[in-house]
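Visitor: Quick one: structure below, then a few questions.
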Amino acid sequence: MKIQFLDAATPSGARLVVRFVNQDAVPADLEPILAEGAKLSRFTGKPGQLFDGFVERGGKTARVVLAGLGGADASDRGAAIERAAAAVLGKFLTSGEEAVAFDLTGSGFTKEEAVATLTGGVLRSWRWDAYRTTLTPEQKPTLTTIDLVGAPEGTEALWAVEQAVAEGVAFTRELVTEPANTIYPESFVERCKARMEGTGLVLRVLDDAEMAELGMGALLGVAQGSVKPARLLVMEWLGGTEGEKPVAFVGKGVTFDTGGISLKQPGGMEDMKWDMGGAGAVAGTMLALARRKAKANVIGLCGLVENMPDGNAQRPGDVVTTMSGQTVEVINTDAEGRLVMCDVLTYAQQTYDPVRIMDLATLTGAIMISLGQEYAGLFSNDDELSADLTAAGLATGDKLWRMPMGPTYDKLIESAIADMKNVGPRFGGSITAAQFLQRFVDKGRPWAHLDIAGMVWADKPGATWGKGATGYGVRLLDRFIRDTAEG
Ligand code: BES
Ligand code: MN
Ligand code: ZN
């Protein structure tokens, strides 16, 4: 999407012109026919509500869109603006119009609010047509330009920052959307290398031999049933004070999860291409941080494996030794995410000694039973970290809800033969998964686990996304870094 910043005085060439409208405040300077049309269409400016009509302006046909913001006082006005702009792009992306003008003249929008129109518009215009060869002209996107008219001083500079975040979200969506025959551990790494070149990010890659050397028996146990070798991708962004300990983000990157020998049902198994959504969010966040030159030291780590059931696959009952030295009885090979994450958590702590460590994983179906597709589950050993993450979630719309943990849950993963087993009973499945991970977190190290299984993929369009990959996590982690790690 091309973005142009125009003065209020400079008319935009776009036929499609958008006005943002507060609840019950249809602008008085509209052509009477538009005002009447809006009224007859029962347009009142409710959040997300759209009205459009054609009028003649200066001898040319203009297509005017009114986009509702709801109550003007709301503290989440930025979010309402973002949503309204997204609704416009959702509706007109394939309309035949090539440019849209957001007319902010006289709107009183702050620069943050002006930027929110662009964020919403750009995020909602993302799509992935790489595999569609038969789209008709009517089905193809036509909108390529957004003109922002009459935005206040400083909007353009602020957009340079937010654009970086939007780019990170887009990258995450791309990784998540790509099927598992395209994105597997090695190609995930290659895609990141290509996209991150020249950004200042330093990428390090561990192959399976190096991971074996480090003793990552749990991660490699998952990978051993696949012909695709595992990888550990580390992305270092050192934009903060030299020598200051970093924040670490760890992502689950199971590029396809068949369940392994504990094979999943066929129905819906195709969804398991996005079982790398945690790794995707971490990669997108690192790209965003680098693009906006965040003043913080942040390490992103992605544990990349494919969970397949071949003749060399691990069996239920196998005991594996993790990098931490602790042993795990693998009761269910479909509880593979925690087996991958535990070794990456150990590696991250031993290598980087992070001040705070967060992991993101599409870890359990049970979290979708608990929280649906509104909130990701937040599990943590630290109240302050939880509060910071919850606040970042509220600010960005990538929402989190804290879940309980404790020793009585932890007991449920005791094993008769090893230090622990990889599943507990059916009840509380997301919590026992979190308890498992906590066993790999150093005492006293602030840690949070985000179970994002319900958030990575949407079966219907949402605020700023269409059907499919949402890009969940990037805005959350970016905001978290801004508010807690940058001067
Ligand atoms: N990747 C799945 C969790 C998942 C399910 C993510 C649905 C997104 C949508 C994970 O590896 C898994 O299979 N978890 C099992 C754990 C069980 C075997 C204890 C689950 O949730 O059923
Ligand atoms: Mn699984
Ligand atoms: Zn999985």
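Scheme for the structure tokens: letters A, B, ... for chains in order shown; per-chain residue numbers from 1; ligand numbers from 1 in order shown.
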Please report, as CSV, each residue of chain A lying at most 9 Å from ligand 1, together with the nearest pair of atoms and the separation in Å rounded to one decimal; use only C-alpha atoms and all ligand atoms, and order rows by chain and ascending residue number.

Guide:
residue,atom,partner,partner_atom_place_in_ligand_line,distance
A:Val254,CA,ligand 1,1 (N),7.7
A:Phe256,CA,ligand 1,1 (N),8.6
A:Asp257,CA,ligand 1,1 (N),6.2
A:Thr258,CA,ligand 1,13 (O),8.2
A:Gly259,CA,ligand 1,13 (O),6.0
A:Ser262,CA,ligand 1,18 (C),8.1
A:Lys264,CA,ligand 1,13 (O),7.6
A:Gly268,CA,ligand 1,7 (C),8.9
A:Met269,CA,ligand 1,7 (C),8.8
A:Asp271,CA,ligand 1,9 (C),7.0
A:Met272,CA,ligand 1,1 (N),6.5
A:Trp274,CA,ligand 1,8 (C),7.6
A:Asp275,CA,ligand 1,1 (N),5.3
A:Met276,CA,ligand 1,1 (N),8.5
A:Asn307,CA,ligand 1,11 (O),8.9
A:Ile331,CA,ligand 1,18 (C),8.7
A:Asn332,CA,ligand 1,18 (C),5.8
A:Thr333,CA,ligand 1,18 (C),7.2
A:Asp334,CA,ligand 1,13 (O),4.5
A:Ala335,CA,ligand 1,16 (C),4.4
A:Glu336,CA,ligand 1,11 (O),5.3
A:Gly337,CA,ligand 1,11 (O),5.1
A:Arg338,CA,ligand 1,11 (O),8.0
A:Ala361,CA,ligand 1,1 (N),8.3
A:Thr362,CA,ligand 1,6 (C),4.6
A:Leu363,CA,ligand 1,3 (C),4.7
A:Thr364,CA,ligand 1,21 (O),3.6
A:Gly365,CA,ligand 1,21 (O),3.6
A:Ala366,CA,ligand 1,21 (O),5.5
A:Ile367,CA,ligand 1,21 (O),8.0
A:Met368,CA,ligand 1,9 (C),7.7
A:Asn422,CA,ligand 1,19 (C),7.8
A:Val423,CA,ligand 1,19 (C),5.2
A:Gly424,CA,ligand 1,19 (C),6.9
A:Pro425,CA,ligand 1,19 (C),7.9
A:Arg426,CA,ligand 1,19 (C),7.1
A:Gly429,CA,ligand 1,19 (C),6.1
A:Ser430,CA,ligand 1,21 (O),7.8
A:Thr432,CA,ligand 1,19 (C),8.8
A:Ala433,CA,ligand 1,19 (C),7.7
A:Asp451,CA,ligand 1,6 (C),8.9
A:Ile452,CA,ligand 1,6 (C),8.0
A:Ala453,CA,ligand 1,8 (C),4.3
A:Gly454,CA,ligand 1,8 (C),6.5
A:Met455,CA,ligand 1,8 (C),8.8
A:Val456,CA,ligand 1,8 (C),8.2
A:Trp457,CA,ligand 1,8 (C),8.6

Visitor: Report as a ChimeraX atom specification all protein, DNA and RNA residues lying within 9 Å of A:Asp318, evaluated on only C-alpha atoms, omitting residues in the same chain fewer than 5 positions from it.

Guide: /A:328-331

Visitor: Of the candidates A:Glu306, A:Asp353, A:Asp382, A:Asp398, which one gets nearest to ligand 2 if we count only C-alpha atoms and all ligand atoms?

Guide: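 Of all the options, A:Glu306 lies closest to ligand 2.
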
Visitor: Excluding A:Cys302 and its own-chain neighbours fewer than 4 positions away, which residues fall within 8 Å of it when counting only C-alpha atoms? Please give them as JSON, numbers by chain.

Guide: {"A": [232, 233, 234, 250, 251, 252, 253, 279, 282, 283, 344]}

Visitor: With N, CA and C atoms kept, could you save the residues just selected as an mmCIF file, in the first residue's frame?

Guide:
data_model
loop_
_atom_site.group_PDB
_atom_site.id
_atom_site.type_symbol
_atom_site.label_atom_id
_atom_site.label_comp_id
_atom_site.auth_asym_id
_atom_site.auth_seq_id
_atom_site.Cartn_x
_atom_site.Cartn_y
_atom_site.Cartn_z
ATOM 1 N N LEU A 232 17.045 -24.290 15.305
ATOM 2 C CA LEU A 232 16.782 -23.273 16.327
ATOM 3 C C LEU A 232 17.252 -21.953 15.736
ATOM 4 N N LEU A 233 16.302 -21.036 15.573
ATOM 5 C CA LEU A 233 16.637 -19.736 14.998
ATOM 6 C C LEU A 233 16.708 -18.707 16.118
ATOM 7 N N VAL A 234 17.819 -18.001 16.185
ATOM 8 C CA VAL A 234 17.989 -16.938 17.173
ATOM 9 C C VAL A 234 18.142 -15.611 16.435
ATOM 10 N N VAL A 250 10.444 -16.384 23.216
ATOM 11 C CA VAL A 250 10.623 -17.738 22.686
ATOM 12 C C VAL A 250 9.339 -18.158 21.980
ATOM 13 N N GLY A 251 9.456 -18.677 20.766
ATOM 14 C CA GLY A 251 8.265 -19.046 20.009
ATOM 15 C C GLY A 251 8.219 -20.520 19.651
ATOM 16 N N LYS A 252 7.019 -21.101 19.767
ATOM 17 C CA LYS A 252 6.804 -22.480 19.320
ATOM 18 C C LYS A 252 6.673 -22.487 17.804
ATOM 19 N N GLY A 253 7.580 -23.226 17.179
ATOM 20 C CA GLY A 253 7.563 -23.291 15.722
ATOM 21 C C GLY A 253 7.398 -24.716 15.230
ATOM 22 N N ALA A 279 6.253 -18.897 16.936
ATOM 23 C CA ALA A 279 7.513 -18.552 16.266
ATOM 24 C C ALA A 279 7.279 -17.445 15.249
ATOM 25 N N VAL A 282 7.076 -14.174 17.062
ATOM 26 C CA VAL A 282 8.399 -13.733 17.529
ATOM 27 C C VAL A 282 9.205 -13.171 16.350
ATOM 28 N N ALA A 283 9.163 -13.850 15.219
ATOM 29 C CA ALA A 283 9.909 -13.366 14.044
ATOM 30 C C ALA A 283 9.356 -12.011 13.579
ATOM 31 N N VAL A 344 14.238 -24.888 24.346
ATOM 32 C CA VAL A 344 14.565 -23.524 23.894
ATOM 33 C C VAL A 344 14.591 -22.572 25.096
#

Visitor: Name all residues at most 8 Å from stretch 179-196 of chain A (count only C-alpha atoms; drop same-chain ones fewer than 5 positions away) and give them as a PyMOL selection string.

Guide: chain A and resi 201+203+205+228-231+233+253+255-256+273+283+287+304-306

Visitor: Let me make sure I understand: among A:Gly303, A:Gly90, A:Gly260, A:Gly59, which one has the smallest atom-to-atom distance to ligand 2 if we use only C-alpha atoms and all ligand atoms?

Guide: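 Selected residue with least distance to ligand 2: A:Gly260.
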
Visitor: Neighbouring residues of A:Arg479 were defined as those with any atom within 9 Å, considering only C-alpha atoms; residues of the same chain fewer than 5 positions away were excluded. Please report them as number ranges by chain.

Guide: A: 389, 392-393, 395-396, 474, 484

Visitor: Go ahead and write the residues just picked, N, CA, C and O atoms, as a tab-separated table (two decimals), in the first residue's frame.

Guide:
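Resulting contents of again-v1.tsv:
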chain	number	residue	atom	x	y	z
A	389	LEU	N	2.25	-7.11	30.70
A	389	LEU	CA	1.76	-7.77	29.48
A	389	LEU	C	0.26	-7.52	29.29
A	389	LEU	O	-0.20	-7.26	28.17
A	392	ALA	N	-0.20	-4.09	27.92
A	392	ALA	CA	0.17	-4.03	26.50
A	392	ALA	C	-0.92	-4.66	25.64
A	392	ALA	O	-1.22	-4.19	24.54
A	393	GLY	N	-1.53	-5.69	26.15
A	393	GLY	CA	-2.62	-6.34	25.43
A	393	GLY	C	-3.83	-5.45	25.28
A	393	GLY	O	-4.42	-5.35	24.21
A	395	ALA	N	-3.81	-2.20	25.35
A	395	ALA	CA	-3.47	-1.06	24.51
A	395	ALA	C	-3.48	-1.40	23.03
A	395	ALA	O	-3.73	-0.54	22.19
A	396	THR	N	-3.21	-2.65	22.70
A	396	THR	CA	-3.07	-3.02	21.29
A	396	THR	C	-4.22	-3.85	20.74
A	396	THR	O	-4.31	-4.05	19.53
A	474	VAL	N	2.40	-9.64	17.64
A	474	VAL	CA	3.43	-8.68	17.23
A	474	VAL	C	3.19	-7.31	17.89
A	474	VAL	O	4.08	-6.71	18.48
A	484	THR	N	8.17	-0.99	28.50
A	484	THR	CA	8.92	-1.54	29.64
A	484	THR	C	10.42	-1.61	29.44
A	484	THR	O	11.16	-1.77	30.40

Visitor: Find the residues near stretch 38-55 of chain A: any atom within 10 Å, counting only C-alpha atoms, skip ones fewer than 5 places away on the same chain, and give them as a tab-separated table (two decimals) with C-alpha atoms, in the first residue's frame.

Guide:
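Contents of around.tsv, freshly written:
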chain	number	residue	atom	x	y	z
A	15	ARG	CA	-12.57	9.40	-6.12
A	16	LEU	CA	-13.17	7.46	-2.94
A	17	VAL	CA	-13.20	9.87	0.00
A	18	VAL	CA	-13.67	8.82	3.61
A	20	PHE	CA	-14.82	9.57	10.03
A	21	VAL	CA	-18.03	10.24	11.90
A	22	ASN	CA	-18.77	10.26	15.62
A	23	GLN	CA	-21.99	8.70	16.83
A	24	ASP	CA	-24.98	10.92	15.90
A	25	ALA	CA	-22.71	13.57	14.44
A	26	VAL	CA	-23.03	13.29	10.68
A	31	GLU	CA	-24.06	17.49	0.35
A	32	PRO	CA	-27.75	17.30	1.30
A	33	ILE	CA	-28.26	14.14	-0.77
A	60	LYS	CA	-16.41	14.89	-11.17
A	61	THR	CA	-18.08	11.91	-9.56
A	62	ALA	CA	-17.00	11.40	-5.96
A	63	ARG	CA	-17.74	8.35	-3.89
A	64	VAL	CA	-18.06	9.48	-0.31
A	65	VAL	CA	-17.82	7.04	2.57
A	66	LEU	CA	-18.91	7.80	6.10
A	67	ALA	CA	-17.17	5.58	8.63
A	68	GLY	CA	-18.62	5.35	12.13
A	69	LEU	CA	-16.51	5.75	15.25
A	70	GLY	CA	-19.17	5.43	17.95
A	71	GLY	CA	-19.00	7.56	21.09
A	77	ARG	CA	-10.99	6.03	20.42
A	79	ALA	CA	-9.00	1.51	18.40
A	80	ALA	CA	-12.34	2.71	17.03
A	81	ILE	CA	-10.59	4.80	14.40
A	82	GLU	CA	-8.35	1.90	13.47
A	83	ARG	CA	-11.37	-0.39	13.13
A	84	ALA	CA	-13.33	2.10	11.05
A	85	ALA	CA	-10.44	2.56	8.63
A	86	ALA	CA	-10.02	-1.21	8.49
A	87	ALA	CA	-13.71	-1.64	7.69
A	88	VAL	CA	-13.31	0.77	4.77
A	91	LYS	CA	-15.09	-3.20	1.90
A	463	ALA	CA	-11.06	-5.82	13.64

Visitor: Output as a ChimeraX atom specification all residues of stretch 164-382 of chain A that backbone DSSP marks as strand (DSSP E).

Guide: /A:202-206,231-238,247-257,297-307,319-321,327-329,356-361,376-380

Visitor: Write the selection just made, keeping C-alpha atoms, as a short mmCIF file (atom, residue, chain, number, x, y, z; two decimals), in the first residue's frame?

Guide:
data_model
loop_
_atom_site.label_atom_id
_atom_site.label_comp_id
_atom_site.auth_asym_id
_atom_site.auth_seq_id
_atom_site.Cartn_x
_atom_site.Cartn_y
_atom_site.Cartn_z
CA VAL A 202 21.87 -10.72 13.80
CA LEU A 203 20.60 -14.20 12.98
CA ARG A 204 22.14 -17.35 14.35
CA VAL A 205 20.97 -20.81 13.40
CA LEU A 206 21.58 -24.07 15.24
CA ARG A 231 16.40 -25.78 13.52
CA LEU A 232 16.78 -23.27 16.33
CA LEU A 233 16.64 -19.74 15.00
CA VAL A 234 17.99 -16.94 17.17
CA MET A 235 17.41 -13.30 16.23
CA GLU A 236 19.38 -10.72 18.18
CA TRP A 237 18.39 -7.08 18.29
CA LEU A 238 20.78 -5.02 20.39
CA VAL A 247 14.46 -9.47 27.15
CA ALA A 248 13.86 -12.84 25.49
CA PHE A 249 10.92 -14.03 23.41
CA VAL A 250 10.62 -17.74 22.69
CA GLY A 251 8.27 -19.05 20.01
CA LYS A 252 6.80 -22.48 19.32
CA GLY A 253 7.56 -23.29 15.72
CA VAL A 254 5.97 -26.64 14.98
CA THR A 255 5.70 -26.16 11.23
CA PHE A 256 3.19 -28.99 11.08
CA ASP A 257 1.68 -30.96 13.94
CA ASN A 297 18.08 -5.37 23.73
CA VAL A 298 15.78 -8.18 22.66
CA ILE A 299 16.46 -11.77 21.68
CA GLY A 300 13.94 -13.80 19.71
CA LEU A 301 14.27 -17.58 19.65
CA CYS A 302 12.22 -19.98 17.54
CA GLY A 303 12.21 -23.72 18.12
CA LEU A 304 11.44 -25.15 14.67
CA VAL A 305 10.40 -28.76 14.15
CA GLU A 306 7.86 -30.82 12.26
CA ASN A 307 5.87 -33.38 14.27
CA VAL A 319 11.82 -41.12 28.00
CA VAL A 320 13.85 -38.17 26.74
CA THR A 321 16.50 -36.10 28.48
CA THR A 327 13.92 -36.30 32.06
CA VAL A 328 10.46 -36.52 30.53
CA GLU A 329 8.22 -39.49 29.90
CA ARG A 356 12.48 -11.29 31.56
CA ILE A 357 11.52 -14.22 29.37
CA MET A 358 8.24 -14.75 27.57
CA ASP A 359 7.15 -17.65 25.46
CA LEU A 360 4.38 -17.74 22.88
CA ALA A 361 2.90 -21.03 21.79
CA ALA A 376 -4.78 -15.56 24.86
CA GLY A 377 -4.01 -17.35 28.12
CA LEU A 378 -1.33 -15.75 30.28
CA PHE A 379 0.56 -17.87 32.80
CA SER A 380 3.31 -16.32 34.86
#

Visitor: Quick check for you: according to DSSP on this backbone, which residues of stretch 28-255 of chain A are classed as helix (DSSP H, G or I)? Reply as a PyMOL selection string.

Guide: chain A and resi 32-40+77-92+111-124+137-139+155-177+185-196+208-214+217-223

Visitor: Could you please determine the separation between atom CA of A:Trp447 and atom CA of A:Val355 in Å, to one decimal place?

Guide: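 It comes out at 9.1 Å.
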
Visitor: For A:Met323, which of A:Ala28, A:Met211, A:Ala151, A:Ala290 is the closest residue, counting only C-alpha atoms?

Guide: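 Ranked by minimum distance to A:Met323, first place goes to A:Met211.
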